Amino acid sequence: MPSLWDLPDFDAHEGVHFFSDPASDLRAIIAIHSTHLGPAAGGTRLWHYAEAGDAVTDALRLSRGMSFKNAMAGLPVGGGKGVILADAARTKTPAMLAAFGRAIESLGGRYVTAEDVGMGEADLVAIGRETRHVSGLPVGEGRAGGDPGPSTAMGVFLGVKAAIRQALGKDSAQGVHVAIQGVGSVGGGLARLLAGEGARLTLADVDRARAERLAAELGGATVDAAEILSAEADVVSPCALGAVLTAESIAALRTPIVAGGANNQLATPEDGDRLHARNILYAPDYVINAGGIINVTLEYLGQGDRAEVEARLRQIPGRLETIWAESAASGDTAARVADRMAMALIGRG
Ligand code: NAD
């Protein structure tokens, strides 16, 4: 393995911290990309990695992504990410979570955690017994915070509507055909919001029964997970995995709009160019999917009630419109325009 400084995903991260606690079998990484705007905020992922190097790559990429996401959301926080290297069964014990909480505490508030893949509200409660630098905890009615999924779904819904306005000239999702890849917390929430406005839905999930249940409830169709990205639709909305937009999948797209909640949708920066070359309107993922981090960051800062979260979610369409306008004016892709704006905001422009 090359040295950390030579890794392709190392981007002058302020700190990359490796933790181990043999008593609880904890092995974890906390990557702090930037604290230019405030403490580095970003969730913790618990995952079984084939190689430890893959966990380092994930921590480096995801923490940089959080710097961009938080800056573009107008939040007074930087970007960071926690990664817990789990065994194949993804074992998670109270002792391990406590040790991870102490690891966060040792950083003295430079990193604030929240939910990510493999970590739920109860895990954050356990971590919160060891450190106060934690968000995404259960909150009282009307307060900011708790499960970030519904806020992410609402932000994506507003962003999809902005894209529909931009590309199709329509003010409502009524009758607009949206194909959603992955109907979990974000994709499922998005489907409900779109159905409420009369959109036509096509849903797909590797858990086919899950897609079928939701389609039956909301009145949509389902297709095989392998077919959703090439569905003929007004909008394709990736809400499952990252790296789904590749040379091959982009060539097969039959939609004028790609706008969804998944993180890191573009497999490579060139895939943003490919979308642009096909004249497909793309909503940069970390701009449209910032609702969850807005919700939990306001919770951590003790600044918010739901009304404040919703006011900030309503700013997502305007941000996308600014990016698309700049993209049209400069000829640069929406993804590159967003990256440039984010870099300037974190003092690296
Ligand atoms: P989730 O686990 O609740 O749902 C994901 C769904 O996608 C599951 O139903 C899963 O079966 C399905 N899926 C997995 N692979 C698939 C495939 N190849 N084709 C079709 N379906 C597939 O997760 P989530 O919280 O809804 O997150 C979805 C995406 O949004 C992830 O990329 C996540 O990183 C991103 N995201 C989530 C949040 C949040 O607040 N939850 C915030 C920002 C970004």
# chains A, B, ... in the order shown; residues from 1 in each chain; ligands from 1

$ residues_near_ligand --ligand "ligand 1" --cutoff "6 Å" --atoms "only C-alpha atoms and all ligand atoms" --output "list in words"
Pro148, Gly149, Thr152, Gln181, Gly182, Val183, Gly184, Ser185, Val186, Gly187, Ala204, Asp205, Val206, Asp207, Ala225, Cys239, Ala240, Leu241, Gly242, Gly261, Ala262, Asn263, Asn289 and Gly292 of chain A

$ write_last_selection --atoms "C-alpha atoms" --output "CSV table (one decimal), in the first residue's frame"
chain,number,residue,atom,x,y,z
A,148,PRO,CA,-32.2,11.8,9.0
A,149,GLY,CA,-34.1,9.7,6.4
A,152,THR,CA,-33.4,13.6,3.1
A,181,GLN,CA,-34.0,2.8,-7.7
A,182,GLY,CA,-34.1,1.6,-4.1
A,183,VAL,CA,-37.2,2.2,-2.0
A,184,GLY,CA,-35.7,2.2,1.5
A,185,SER,CA,-35.7,5.1,3.9
A,186,VAL,CA,-35.0,7.8,1.3
A,187,GLY,CA,-36.4,6.2,-1.9
A,204,ALA,CA,-37.4,-1.2,-8.1
A,205,ASP,CA,-35.5,-2.7,-5.2
A,206,VAL,CA,-33.2,-5.7,-4.9
A,207,ASP,CA,-35.7,-6.6,-2.2
A,225,ALA,CA,-33.7,-3.9,-10.2
A,239,CYS,CA,-31.8,6.1,-4.1
A,240,ALA,CA,-29.8,2.9,-3.4
A,241,LEU,CA,-26.1,2.6,-4.0
A,242,GLY,CA,-23.3,4.8,-5.1
A,261,GLY,CA,-30.7,10.7,-3.0
A,262,ALA,CA,-27.9,8.2,-3.2
A,263,ASN,CA,-24.4,9.3,-2.3
A,289,ASN,CA,-29.5,14.9,-0.5
A,292,GLY,CA,-30.6,14.6,6.6

$ residues_around --residues "Ser249 in chain A" --least-positions-apart "4" --cutoff "10 Å" --atoms "only C-alpha atoms" --output "list in words"
Leu229, Ser230, Val244, Leu245, Leu253 and Asp271 of chain A

$ write_last_selection --atoms "C-alpha atoms" --output "PDB file, in the first residue's frame"
ATOM      1  CA  LEU A 229     -31.913   2.832 -14.712  1.00  0.00           C
ATOM      2  CA  SER A 230     -32.927   2.228 -18.316  1.00  0.00           C
ATOM      3  CA  VAL A 244     -24.436   3.601 -10.401  1.00  0.00           C
ATOM      4  CA  LEU A 245     -23.829   6.193 -13.137  1.00  0.00           C
ATOM      5  CA  LEU A 253     -30.580   5.994 -19.805  1.00  0.00           C
ATOM      6  CA  ASP A 271     -19.541  10.252 -15.902  1.00  0.00           C
TER       7      ASP A 271
END

$ select_by_dssp --residues "range 104-252 of chain A" --states "alpha helix (DSSP H)" --output "tab-separated table (two decimals) with all heavy atoms, in the first residue's frame"
chain	number	residue	atom	x	y	z
A	104	ILE	N	-14.32	9.18	19.68
A	104	ILE	CA	-14.85	10.48	19.23
A	104	ILE	C	-14.53	11.55	20.28
A	104	ILE	O	-14.07	12.65	19.96
A	104	ILE	CB	-16.38	10.40	18.98
A	104	ILE	CG1	-16.67	9.48	17.80
A	104	ILE	CG2	-16.97	11.79	18.75
A	104	ILE	CD1	-18.15	9.19	17.58
A	105	GLU	N	-14.76	11.19	21.54
A	105	GLU	CA	-14.53	12.15	22.63
A	105	GLU	C	-13.07	12.60	22.65
A	105	GLU	O	-12.76	13.76	22.93
A	105	GLU	CB	-14.94	11.51	23.96
A	105	GLU	CG	-14.82	12.40	25.18
A	105	GLU	CD	-15.74	13.62	25.14
A	105	GLU	OE1	-16.72	13.64	24.37
A	105	GLU	OE2	-15.45	14.59	25.89
A	106	SER	N	-12.17	11.68	22.31
A	106	SER	CA	-10.73	12.02	22.37
A	106	SER	C	-10.37	13.10	21.36
A	106	SER	O	-9.33	13.75	21.47
A	106	SER	CB	-9.86	10.77	22.14
A	106	SER	OG	-9.87	10.41	20.77
A	121	GLU	N	-30.38	4.66	15.26
A	121	GLU	CA	-30.57	5.59	16.38
A	121	GLU	C	-30.11	5.00	17.71
A	121	GLU	O	-29.45	5.68	18.50
A	121	GLU	CB	-32.06	5.93	16.44
A	121	GLU	CG	-32.36	7.38	16.70
A	121	GLU	CD	-33.85	7.69	16.55
A	121	GLU	OE1	-34.69	6.99	17.19
A	121	GLU	OE2	-34.18	8.62	15.79
A	122	ALA	N	-30.41	3.72	17.94
A	122	ALA	CA	-30.05	3.09	19.22
A	122	ALA	C	-28.53	3.05	19.39
A	122	ALA	O	-28.01	3.19	20.51
A	122	ALA	CB	-30.62	1.68	19.29
A	123	ASP	N	-27.80	2.87	18.27
A	123	ASP	CA	-26.34	2.83	18.34
A	123	ASP	C	-25.80	4.21	18.73
A	123	ASP	O	-24.82	4.32	19.48
A	123	ASP	CB	-25.75	2.42	16.99
A	123	ASP	CG	-26.29	1.07	16.53
A	123	ASP	OD1	-26.43	0.19	17.41
A	123	ASP	OD2	-26.58	0.92	15.35
A	124	LEU	N	-26.44	5.24	18.21
A	124	LEU	CA	-25.98	6.59	18.53
A	124	LEU	C	-26.27	6.93	19.99
A	124	LEU	O	-25.49	7.62	20.64
A	124	LEU	CB	-26.62	7.60	17.58
A	124	LEU	CG	-26.08	7.38	16.16
A	124	LEU	CD1	-26.93	8.03	15.11
A	124	LEU	CD2	-24.64	7.86	16.05
A	125	VAL	N	-27.37	6.40	20.49
A	125	VAL	CA	-27.67	6.60	21.91
A	125	VAL	C	-26.54	5.98	22.74
A	125	VAL	O	-26.04	6.57	23.70
A	125	VAL	CB	-29.04	5.99	22.28
A	125	VAL	CG1	-29.25	5.99	23.78
A	125	VAL	CG2	-30.16	6.76	21.57
A	126	ALA	N	-26.10	4.78	22.33
A	126	ALA	CA	-25.02	4.09	23.06
A	126	ALA	C	-23.72	4.90	22.98
A	126	ALA	O	-23.02	5.10	23.99
A	126	ALA	CB	-24.81	2.69	22.48
A	127	ILE	N	-23.40	5.40	21.79
A	127	ILE	CA	-22.19	6.22	21.61
A	127	ILE	C	-22.29	7.49	22.45
A	127	ILE	O	-21.32	7.95	23.07
A	127	ILE	CB	-22.00	6.57	20.11
A	127	ILE	CG1	-21.62	5.30	19.33
A	127	ILE	CG2	-20.97	7.66	19.91
A	127	ILE	CD1	-21.66	5.46	17.82
A	149	GLY	N	-33.47	10.16	7.60
A	149	GLY	CA	-34.08	9.69	6.35
A	149	GLY	C	-35.24	10.56	5.85
A	149	GLY	O	-35.23	10.98	4.69
A	150	PRO	N	-36.25	10.84	6.69
A	150	PRO	CA	-37.39	11.62	6.18
A	150	PRO	C	-36.99	13.02	5.70
A	150	PRO	O	-37.54	13.51	4.70
A	150	PRO	CB	-38.33	11.70	7.40
A	150	PRO	CG	-37.98	10.50	8.22
A	150	PRO	CD	-36.50	10.29	8.03
A	151	SER	N	-36.03	13.65	6.35
A	151	SER	CA	-35.60	14.98	5.89
A	151	SER	C	-34.86	14.87	4.56
A	151	SER	O	-35.00	15.73	3.68
A	151	SER	CB	-34.67	15.65	6.92
A	151	SER	OG	-35.34	15.80	8.14
A	152	THR	N	-34.05	13.81	4.42
A	152	THR	CA	-33.36	13.60	3.14
A	152	THR	C	-34.39	13.41	2.04
A	152	THR	O	-34.29	14.02	0.96
A	152	THR	CB	-32.43	12.37	3.22
A	152	THR	OG1	-31.53	12.56	4.30
A	152	THR	CG2	-31.65	12.19	1.93
A	153	ALA	N	-35.40	12.58	2.31
A	153	ALA	CA	-36.43	12.31	1.30
A	153	ALA	C	-37.15	13.61	0.91
A	153	ALA	O	-37.40	13.86	-0.28
A	153	ALA	CB	-37.43	11.28	1.84
A	154	MET	N	-37.46	14.45	1.88
A	154	MET	CA	-38.16	15.71	1.58
A	154	MET	C	-37.28	16.63	0.72
A	154	MET	O	-37.75	17.22	-0.25
A	154	MET	CB	-38.55	16.40	2.90
A	154	MET	CG	-39.15	17.77	2.73
A	154	MET	SD	-40.64	17.79	1.67
A	154	MET	CE	-41.90	17.32	2.85
A	155	GLY	N	-35.99	16.70	1.06
A	155	GLY	CA	-35.08	17.53	0.26
A	155	GLY	C	-34.96	17.01	-1.17
A	155	GLY	O	-34.95	17.79	-2.13
A	156	VAL	N	-34.90	15.68	-1.31
A	156	VAL	CA	-34.80	15.10	-2.65
A	156	VAL	C	-36.09	15.37	-3.43
A	156	VAL	O	-36.06	15.72	-4.62
A	156	VAL	CB	-34.51	13.58	-2.58
A	156	VAL	CG1	-34.56	12.94	-3.96
A	156	VAL	CG2	-33.14	13.33	-1.94
A	157	PHE	N	-37.23	15.27	-2.75
A	157	PHE	CA	-38.52	15.57	-3.40
A	157	PHE	C	-38.52	17.00	-3.94
A	157	PHE	O	-38.86	17.24	-5.11
A	157	PHE	CB	-39.63	15.37	-2.36
A	157	PHE	CG	-40.99	15.84	-2.79
A	157	PHE	CD1	-41.66	15.23	-3.86
A	157	PHE	CD2	-41.63	16.89	-2.13
A	157	PHE	CE1	-42.93	15.66	-4.25
A	157	PHE	CE2	-42.89	17.32	-2.51
A	157	PHE	CZ	-43.55	16.71	-3.57
A	158	LEU	N	-38.09	17.95	-3.12
A	158	LEU	CA	-38.07	19.35	-3.57
A	158	LEU	C	-37.09	19.53	-4.72
A	158	LEU	O	-37.34	20.28	-5.67
A	158	LEU	CB	-37.71	20.28	-2.39
A	158	LEU	CG	-38.70	20.27	-1.23
A	158	LEU	CD1	-38.18	21.12	-0.07
A	158	LEU	CD2	-40.07	20.77	-1.68
A	159	GLY	N	-35.96	18.80	-4.67
A	159	GLY	CA	-34.97	18.89	-5.74
A	159	GLY	C	-35.47	18.26	-7.03
A	159	GLY	O	-35.22	18.78	-8.13
A	160	VAL	N	-36.19	17.14	-6.92
A	160	VAL	CA	-36.76	16.50	-8.12
A	160	VAL	C	-37.76	17.47	-8.77
A	160	VAL	O	-37.79	17.65	-9.99
A	160	VAL	CB	-37.44	15.16	-7.74
A	160	VAL	CG1	-38.35	14.67	-8.86
A	160	VAL	CG2	-36.39	14.11	-7.41
A	161	LYS	N	-38.54	18.15	-7.93
A	161	LYS	CA	-39.52	19.11	-8.48
A	161	LYS	C	-38.80	20.27	-9.19
A	161	LYS	O	-39.26	20.76	-10.22
A	161	LYS	CB	-40.43	19.62	-7.37
A	161	LYS	CG	-41.40	18.54	-6.96
A	161	LYS	CD	-42.52	18.99	-6.04
A	161	LYS	CE	-42.91	20.39	-6.15
A	161	LYS	NZ	-44.34	20.63	-5.97
A	162	ALA	N	-37.67	20.70	-8.63
A	162	ALA	CA	-36.90	21.77	-9.27
A	162	ALA	C	-36.39	21.30	-10.64
A	162	ALA	O	-36.41	22.05	-11.61
A	162	ALA	CB	-35.73	22.19	-8.38
A	163	ALA	N	-35.96	20.04	-10.70
A	163	ALA	CA	-35.46	19.50	-11.96
A	163	ALA	C	-36.58	19.40	-12.99
A	163	ALA	O	-36.38	19.67	-14.18
A	163	ALA	CB	-34.82	18.12	-11.71
A	164	ILE	N	-37.76	19.02	-12.52
A	164	ILE	CA	-38.92	18.92	-13.42
A	164	ILE	C	-39.25	20.31	-13.99
A	164	ILE	O	-39.54	20.46	-15.18
A	164	ILE	CB	-40.14	18.34	-12.64
A	164	ILE	CG1	-39.89	16.86	-12.31
A	164	ILE	CG2	-41.43	18.52	-13.42
A	164	ILE	CD1	-40.90	16.28	-11.32
A	165	ARG	N	-39.15	21.30	-13.12
A	165	ARG	CA	-39.41	22.69	-13.57
A	165	ARG	C	-38.37	23.10	-14.61
A	165	ARG	O	-38.68	23.66	-15.65
A	165	ARG	CB	-39.34	23.61	-12.34
A	165	ARG	CG	-40.26	24.78	-12.40
A	165	ARG	CD	-40.47	25.52	-11.09
A	165	ARG	NE	-39.39	25.46	-10.13
A	165	ARG	CZ	-39.48	24.85	-8.95
A	165	ARG	NH1	-40.59	24.25	-8.59
A	165	ARG	NH2	-38.45	24.85	-8.13
A	166	GLN	N	-37.12	22.79	-14.29
A	166	GLN	CA	-36.01	23.21	-15.13
A	166	GLN	C	-36.04	22.53	-16.51
A	166	GLN	O	-35.89	23.19	-17.54
A	166	GLN	CB	-34.69	22.85	-14.42
A	166	GLN	CG	-33.43	23.22	-15.15
A	166	GLN	CD	-33.02	24.67	-14.90
A	166	GLN	OE1	-33.56	25.33	-14.01
A	166	GLN	NE2	-32.11	25.18	-15.71
A	167	ALA	N	-36.25	21.22	-16.51
A	167	ALA	CA	-36.11	20.47	-17.78
A	167	ALA	C	-37.43	20.33	-18.52
A	167	ALA	O	-37.44	20.22	-19.74
A	167	ALA	CB	-35.52	19.09	-17.50
A	168	LEU	N	-38.54	20.28	-17.77
A	168	LEU	CA	-39.82	20.01	-18.43
A	168	LEU	C	-40.77	21.21	-18.37
A	168	LEU	O	-41.86	21.17	-18.96
A	168	LEU	CB	-40.52	18.81	-17.77
A	168	LEU	CG	-39.68	17.52	-17.62
A	168	LEU	CD1	-40.48	16.45	-16.91
A	168	LEU	CD2	-39.23	17.02	-19.00
A	185	SER	N	-35.34	3.94	3.13
A	185	SER	CA	-35.70	5.12	3.90
A	185	SER	C	-35.88	6.35	2.98
A	185	SER	O	-36.90	7.03	3.02
A	185	SER	CB	-34.58	5.36	4.92
A	185	SER	OG	-34.82	6.49	5.66
A	186	VAL	N	-34.91	6.60	2.11
A	186	VAL	CA	-34.97	7.79	1.25
A	186	VAL	C	-35.89	7.57	0.05
A	186	VAL	O	-36.82	8.35	-0.20
A	186	VAL	CB	-33.55	8.20	0.78
A	186	VAL	CG1	-33.62	9.37	-0.18
A	186	VAL	CG2	-32.67	8.54	1.98
A	187	GLY	N	-35.64	6.49	-0.72
A	187	GLY	CA	-36.42	6.24	-1.92
A	187	GLY	C	-37.90	6.00	-1.60
A	187	GLY	O	-38.79	6.45	-2.33
A	188	GLY	N	-38.16	5.30	-0.50
A	188	GLY	CA	-39.54	5.04	-0.10
A	188	GLY	C	-40.24	6.34	0.30
A	188	GLY	O	-41.39	6.59	-0.08
A	189	GLY	N	-39.54	7.16	1.06
A	189	GLY	CA	-40.11	8.46	1.47
A	189	GLY	C	-40.37	9.33	0.26
A	189	GLY	O	-41.42	10.00	0.16
A	190	LEU	N	-39.44	9.33	-0.68
A	190	LEU	CA	-39.61	10.12	-1.91
A	190	LEU	C	-40.83	9.62	-2.68
A	190	LEU	O	-41.63	10.44	-3.17
A	190	LEU	CB	-38.34	9.98	-2.77
A	190	LEU	CG	-38.41	10.58	-4.16
A	190	LEU	CD1	-38.55	12.10	-4.09
A	190	LEU	CD2	-37.18	10.20	-4.98
A	191	ALA	N	-40.98	8.31	-2.78
A	191	ALA	CA	-42.12	7.75	-3.53
A	191	ALA	C	-43.45	8.22	-2.92
A	191	ALA	O	-44.37	8.60	-3.64
A	191	ALA	CB	-42.04	6.22	-3.51
A	192	ARG	N	-43.51	8.23	-1.60
A	192	ARG	CA	-44.76	8.67	-0.93
A	192	ARG	C	-45.06	10.13	-1.24
A	192	ARG	O	-46.20	10.51	-1.51
A	192	ARG	CB	-44.65	8.51	0.58
A	192	ARG	CG	-44.81	7.10	1.04
A	192	ARG	CD	-44.54	6.96	2.55
A	192	ARG	NE	-44.18	5.59	2.82
A	192	ARG	CZ	-45.04	4.57	2.81
A	192	ARG	NH1	-46.32	4.81	2.61
A	192	ARG	NH2	-44.63	3.34	3.01
A	193	LEU	N	-44.02	10.96	-1.16
A	193	LEU	CA	-44.22	12.40	-1.41
A	193	LEU	C	-44.64	12.63	-2.86
A	193	LEU	O	-45.52	13.45	-3.14
A	193	LEU	CB	-42.93	13.17	-1.08
A	193	LEU	CG	-42.58	13.21	0.42
A	193	LEU	CD1	-41.13	13.63	0.63
A	193	LEU	CD2	-43.53	14.17	1.15
A	194	LEU	N	-44.02	11.91	-3.79
A	194	LEU	CA	-44.36	12.08	-5.20
A	194	LEU	C	-45.78	11.57	-5.47
A	194	LEU	O	-46.54	12.21	-6.21
A	194	LEU	CB	-43.37	11.30	-6.07
A	194	LEU	CG	-41.99	11.96	-6.24
A	194	LEU	CD1	-41.00	10.96	-6.83
A	194	LEU	CD2	-42.08	13.21	-7.11
A	195	ALA	N	-46.13	10.45	-4.85
A	195	ALA	CA	-47.48	9.91	-5.04
A	195	ALA	C	-48.51	10.92	-4.53
A	195	ALA	O	-49.57	11.10	-5.13
A	195	ALA	CB	-47.62	8.58	-4.31
A	196	GLY	N	-48.18	11.59	-3.43
A	196	GLY	CA	-49.09	12.59	-2.86
A	196	GLY	C	-49.35	13.73	-3.84
A	196	GLY	O	-50.37	14.42	-3.74
A	208	ARG	N	-37.32	-7.26	-3.87
A	208	ARG	CA	-38.44	-7.05	-4.80
A	208	ARG	C	-39.78	-6.91	-4.07
A	208	ARG	O	-40.63	-6.10	-4.46
A	208	ARG	CB	-38.48	-8.22	-5.79
A	208	ARG	CG	-39.50	-8.01	-6.83
A	208	ARG	CD	-39.19	-8.51	-8.19
A	208	ARG	NE	-40.12	-7.79	-9.08
A	208	ARG	CZ	-39.96	-7.64	-10.35
A	208	ARG	NH1	-38.90	-8.10	-10.93
A	208	ARG	NH2	-40.85	-6.99	-11.07
A	209	ALA	N	-39.95	-7.70	-3.01
A	209	ALA	CA	-41.22	-7.67	-2.27
A	209	ALA	C	-41.45	-6.27	-1.68
A	209	ALA	O	-42.59	-5.78	-1.62
A	209	ALA	CB	-41.21	-8.73	-1.17
A	210	ARG	N	-40.36	-5.64	-1.28
A	210	ARG	CA	-40.47	-4.30	-0.70
A	210	ARG	C	-41.00	-3.32	-1.75
A	210	ARG	O	-41.88	-2.51	-1.48
A	210	ARG	CB	-39.07	-3.87	-0.23
A	210	ARG	CG	-39.05	-2.63	0.58
A	210	ARG	CD	-37.64	-2.34	1.08
A	210	ARG	NE	-37.71	-1.56	2.31
A	210	ARG	CZ	-36.65	-1.15	2.98
A	210	ARG	NH1	-35.44	-1.47	2.59
A	210	ARG	NH2	-36.79	-0.44	4.07
A	211	ALA	N	-40.46	-3.40	-2.96
A	211	ALA	CA	-40.92	-2.52	-4.05
A	211	ALA	C	-42.37	-2.83	-4.39
A	211	ALA	O	-43.17	-1.91	-4.61
A	211	ALA	CB	-40.02	-2.70	-5.26
A	212	GLU	N	-42.72	-4.10	-4.40
A	212	GLU	CA	-44.08	-4.47	-4.79
A	212	GLU	C	-45.10	-4.00	-3.75
A	212	GLU	O	-46.16	-3.50	-4.10
A	212	GLU	CB	-44.18	-5.98	-5.02
A	212	GLU	CG	-43.70	-6.33	-6.42
A	212	GLU	CD	-43.42	-7.81	-6.66
A	212	GLU	OE1	-43.69	-8.62	-5.75
A	212	GLU	OE2	-42.92	-8.12	-7.76
A	213	ARG	N	-44.73	-4.14	-2.47
A	213	ARG	CA	-45.65	-3.66	-1.41
A	213	ARG	C	-45.91	-2.17	-1.57
A	213	ARG	O	-47.04	-1.71	-1.49
A	213	ARG	CB	-45.01	-3.91	-0.03
A	213	ARG	CG	-45.37	-5.25	0.59
A	213	ARG	CD	-45.05	-5.28	2.08
A	213	ARG	NE	-43.73	-4.80	2.42
A	213	ARG	CZ	-42.63	-5.58	2.42
A	213	ARG	NH1	-42.70	-6.85	2.10
A	213	ARG	NH2	-41.46	-5.07	2.76
A	214	LEU	N	-44.85	-1.42	-1.78
A	214	LEU	CA	-44.99	0.04	-1.87
A	214	LEU	C	-45.76	0.43	-3.14
A	214	LEU	O	-46.61	1.32	-3.11
A	214	LEU	CB	-43.60	0.71	-1.86
A	214	LEU	CG	-43.62	2.21	-1.60
A	214	LEU	CD1	-44.17	2.54	-0.22
A	214	LEU	CD2	-42.22	2.80	-1.75
A	215	ALA	N	-45.48	-0.27	-4.23
A	215	ALA	CA	-46.18	0.03	-5.48
A	215	ALA	C	-47.68	-0.26	-5.32
A	215	ALA	O	-48.52	0.50	-5.80
A	215	ALA	CB	-45.59	-0.78	-6.63
A	216	ALA	N	-48.00	-1.34	-4.61
A	216	ALA	CA	-49.42	-1.67	-4.41
A	216	ALA	C	-50.08	-0.59	-3.56
A	216	ALA	O	-51.20	-0.15	-3.83
A	216	ALA	CB	-49.54	-3.04	-3.73
A	217	GLU	N	-49.35	-0.12	-2.55
A	217	GLU	CA	-49.91	0.90	-1.65
A	217	GLU	C	-50.10	2.24	-2.37
A	217	GLU	O	-51.11	2.91	-2.20
A	217	GLU	CB	-48.96	1.06	-0.46
A	217	GLU	CG	-49.44	2.07	0.56
A	217	GLU	CD	-48.33	2.49	1.52
A	217	GLU	OE1	-47.46	1.66	1.84
A	217	GLU	OE2	-48.35	3.67	1.94
A	218	LEU	N	-49.11	2.60	-3.19
A	218	LEU	CA	-49.14	3.95	-3.79
A	218	LEU	C	-49.70	3.96	-5.21
A	218	LEU	O	-49.88	5.03	-5.79
A	218	LEU	CB	-47.71	4.54	-3.81
A	218	LEU	CG	-47.01	4.66	-2.46
A	218	LEU	CD1	-45.59	5.19	-2.65
A	218	LEU	CD2	-47.79	5.59	-1.53
A	247	ALA	N	-20.26	4.67	-17.64
A	247	ALA	CA	-20.35	4.83	-19.09
A	247	ALA	C	-21.49	3.98	-19.64
A	247	ALA	O	-22.30	4.43	-20.45
A	247	ALA	CB	-19.02	4.43	-19.73
A	248	GLU	N	-21.57	2.75	-19.15
A	248	GLU	CA	-22.58	1.81	-19.66
A	248	GLU	C	-24.00	2.22	-19.27
A	248	GLU	O	-24.90	2.27	-20.11
A	248	GLU	CB	-22.26	0.42	-19.09
A	248	GLU	CG	-22.89	-0.71	-19.84
A	248	GLU	CD	-22.66	-2.03	-19.10
A	248	GLU	OE1	-21.75	-2.09	-18.26
A	248	GLU	OE2	-23.40	-2.97	-19.37
A	249	SER	N	-24.20	2.52	-17.96
A	249	SER	CA	-25.57	2.84	-17.53
A	249	SER	C	-26.03	4.18	-18.11
A	249	SER	O	-27.21	4.35	-18.42
A	249	SER	CB	-25.70	2.81	-16.00
A	249	SER	OG	-25.01	3.89	-15.42
A	250	ILE	N	-25.12	5.10	-18.28
A	250	ILE	CA	-25.51	6.42	-18.84
A	250	ILE	C	-25.91	6.26	-20.31
A	250	ILE	O	-26.89	6.85	-20.76
A	250	ILE	CB	-24.37	7.45	-18.66
A	250	ILE	CG1	-24.22	7.76	-17.17
A	250	ILE	CG2	-24.65	8.72	-19.46
A	250	ILE	CD1	-22.97	8.54	-16.81
A	251	ALA	N	-25.20	5.39	-21.03
A	251	ALA	CA	-25.55	5.17	-22.44
A	251	ALA	C	-26.96	4.58	-22.56
A	251	ALA	O	-27.66	4.80	-23.54
A	251	ALA	CB	-24.53	4.23	-23.08
A	252	ALA	N	-27.38	3.85	-21.51
A	252	ALA	CA	-28.68	3.17	-21.58
A	252	ALA	C	-29.83	4.02	-21.00
A	252	ALA	O	-30.99	3.60	-21.06
A	252	ALA	CB	-28.59	1.84	-20.83

$ atom_distance --atom1 "CA of Ala73 in chain A" --atom2 "CA of Arg129 in chain A"
28.8 Å

$ residues_around --residues "Ala41 in chain A" --least-positions-apart "4" --cutoff "10 Å" --atoms "only C-alpha atoms" --output "ChimeraX atom specification"
/A:32-35,63,66-67,70,75-82,109-114,133-135,293,296-297,300

$ select_by_dssp --residues "range 244-323 of chain A" --states "strand (DSSP E)" --output "MDAnalysis selection string"
chainID A and resid 257:258 281:282

$ residues_around --residues "Pro138 in chain A" --least-positions-apart "6" --cutoff "8 Å" --atoms "only C-alpha atoms" --output "PyMOL selection string"
chain A and resi 121+145-147

$ write_last_selection --atoms "all heavy atoms" --output "PDB file, in the first residue's frame"
ATOM      1  N   GLU A 121     -30.375   4.659  15.265  1.00  0.00           N
ATOM      2  CA  GLU A 121     -30.570   5.593  16.378  1.00  0.00           C
ATOM      3  C   GLU A 121     -30.105   5.004  17.713  1.00  0.00           C
ATOM      4  O   GLU A 121     -29.453   5.685  18.503  1.00  0.00           O
ATOM      5  CB  GLU A 121     -32.064   5.934  16.439  1.00  0.00           C
ATOM      6  CG  GLU A 121     -32.357   7.383  16.704  1.00  0.00           C
ATOM      7  CD  GLU A 121     -33.854   7.687  16.546  1.00  0.00           C
ATOM      8  OE1 GLU A 121     -34.693   6.993  17.188  1.00  0.00           O
ATOM      9  OE2 GLU A 121     -34.180   8.616  15.790  1.00  0.00           O
ATOM     10  N   GLY A 145     -33.772  16.976  14.365  1.00  0.00           N
ATOM     11  CA  GLY A 145     -32.973  15.825  14.774  1.00  0.00           C
ATOM     12  C   GLY A 145     -33.705  14.505  14.641  1.00  0.00           C
ATOM     13  O   GLY A 145     -34.796  14.434  14.101  1.00  0.00           O
ATOM     14  N   GLY A 146     -33.040  13.445  15.105  1.00  0.00           N
ATOM     15  CA  GLY A 146     -33.576  12.101  14.946  1.00  0.00           C
ATOM     16  C   GLY A 146     -33.224  11.548  13.571  1.00  0.00           C
ATOM     17  O   GLY A 146     -32.379  12.099  12.867  1.00  0.00           O
ATOM     18  N   ASP A 147     -33.890  10.465  13.202  1.00  0.00           N
ATOM     19  CA  ASP A 147     -33.646   9.776  11.933  1.00  0.00           C
ATOM     20  C   ASP A 147     -33.546  10.776  10.760  1.00  0.00           C
ATOM     21  O   ASP A 147     -34.498  11.495  10.469  1.00  0.00           O
ATOM     22  CB  ASP A 147     -34.803   8.799  11.701  1.00  0.00           C
ATOM     23  CG  ASP A 147     -34.671   8.064  10.377  1.00  0.00           C
ATOM     24  OD1 ASP A 147     -33.633   8.206   9.712  1.00  0.00           O
ATOM     25  OD2 ASP A 147     -35.629   7.350  10.019  1.00  0.00           O
TER      26      ASP A 147
END

$ closest_residue --among "A:Arg102, A:Lys170, A:Arg45, A:Arg340" --to "Asp58 in chain A" --atoms "only C-alpha atoms"
A:Arg45

$ closest_residue --among "A:Asp332, A:Glu130, A:Glu51, A:Asp273" --to "Met96 in chain A" --atoms "only C-alpha atoms"
A:Glu130

$ residues_around --residues "range 19-30 of chain A" --least-positions-apart "6" --cutoff "10 Å" --atoms "only C-alpha atoms" --output "count of residues only"
34

$ closest_residue --among "A:Pro317, A:Gly128, A:Gly15, A:Gly74" --to "Leu345 in chain A" --atoms "only C-alpha atoms"
A:Gly74
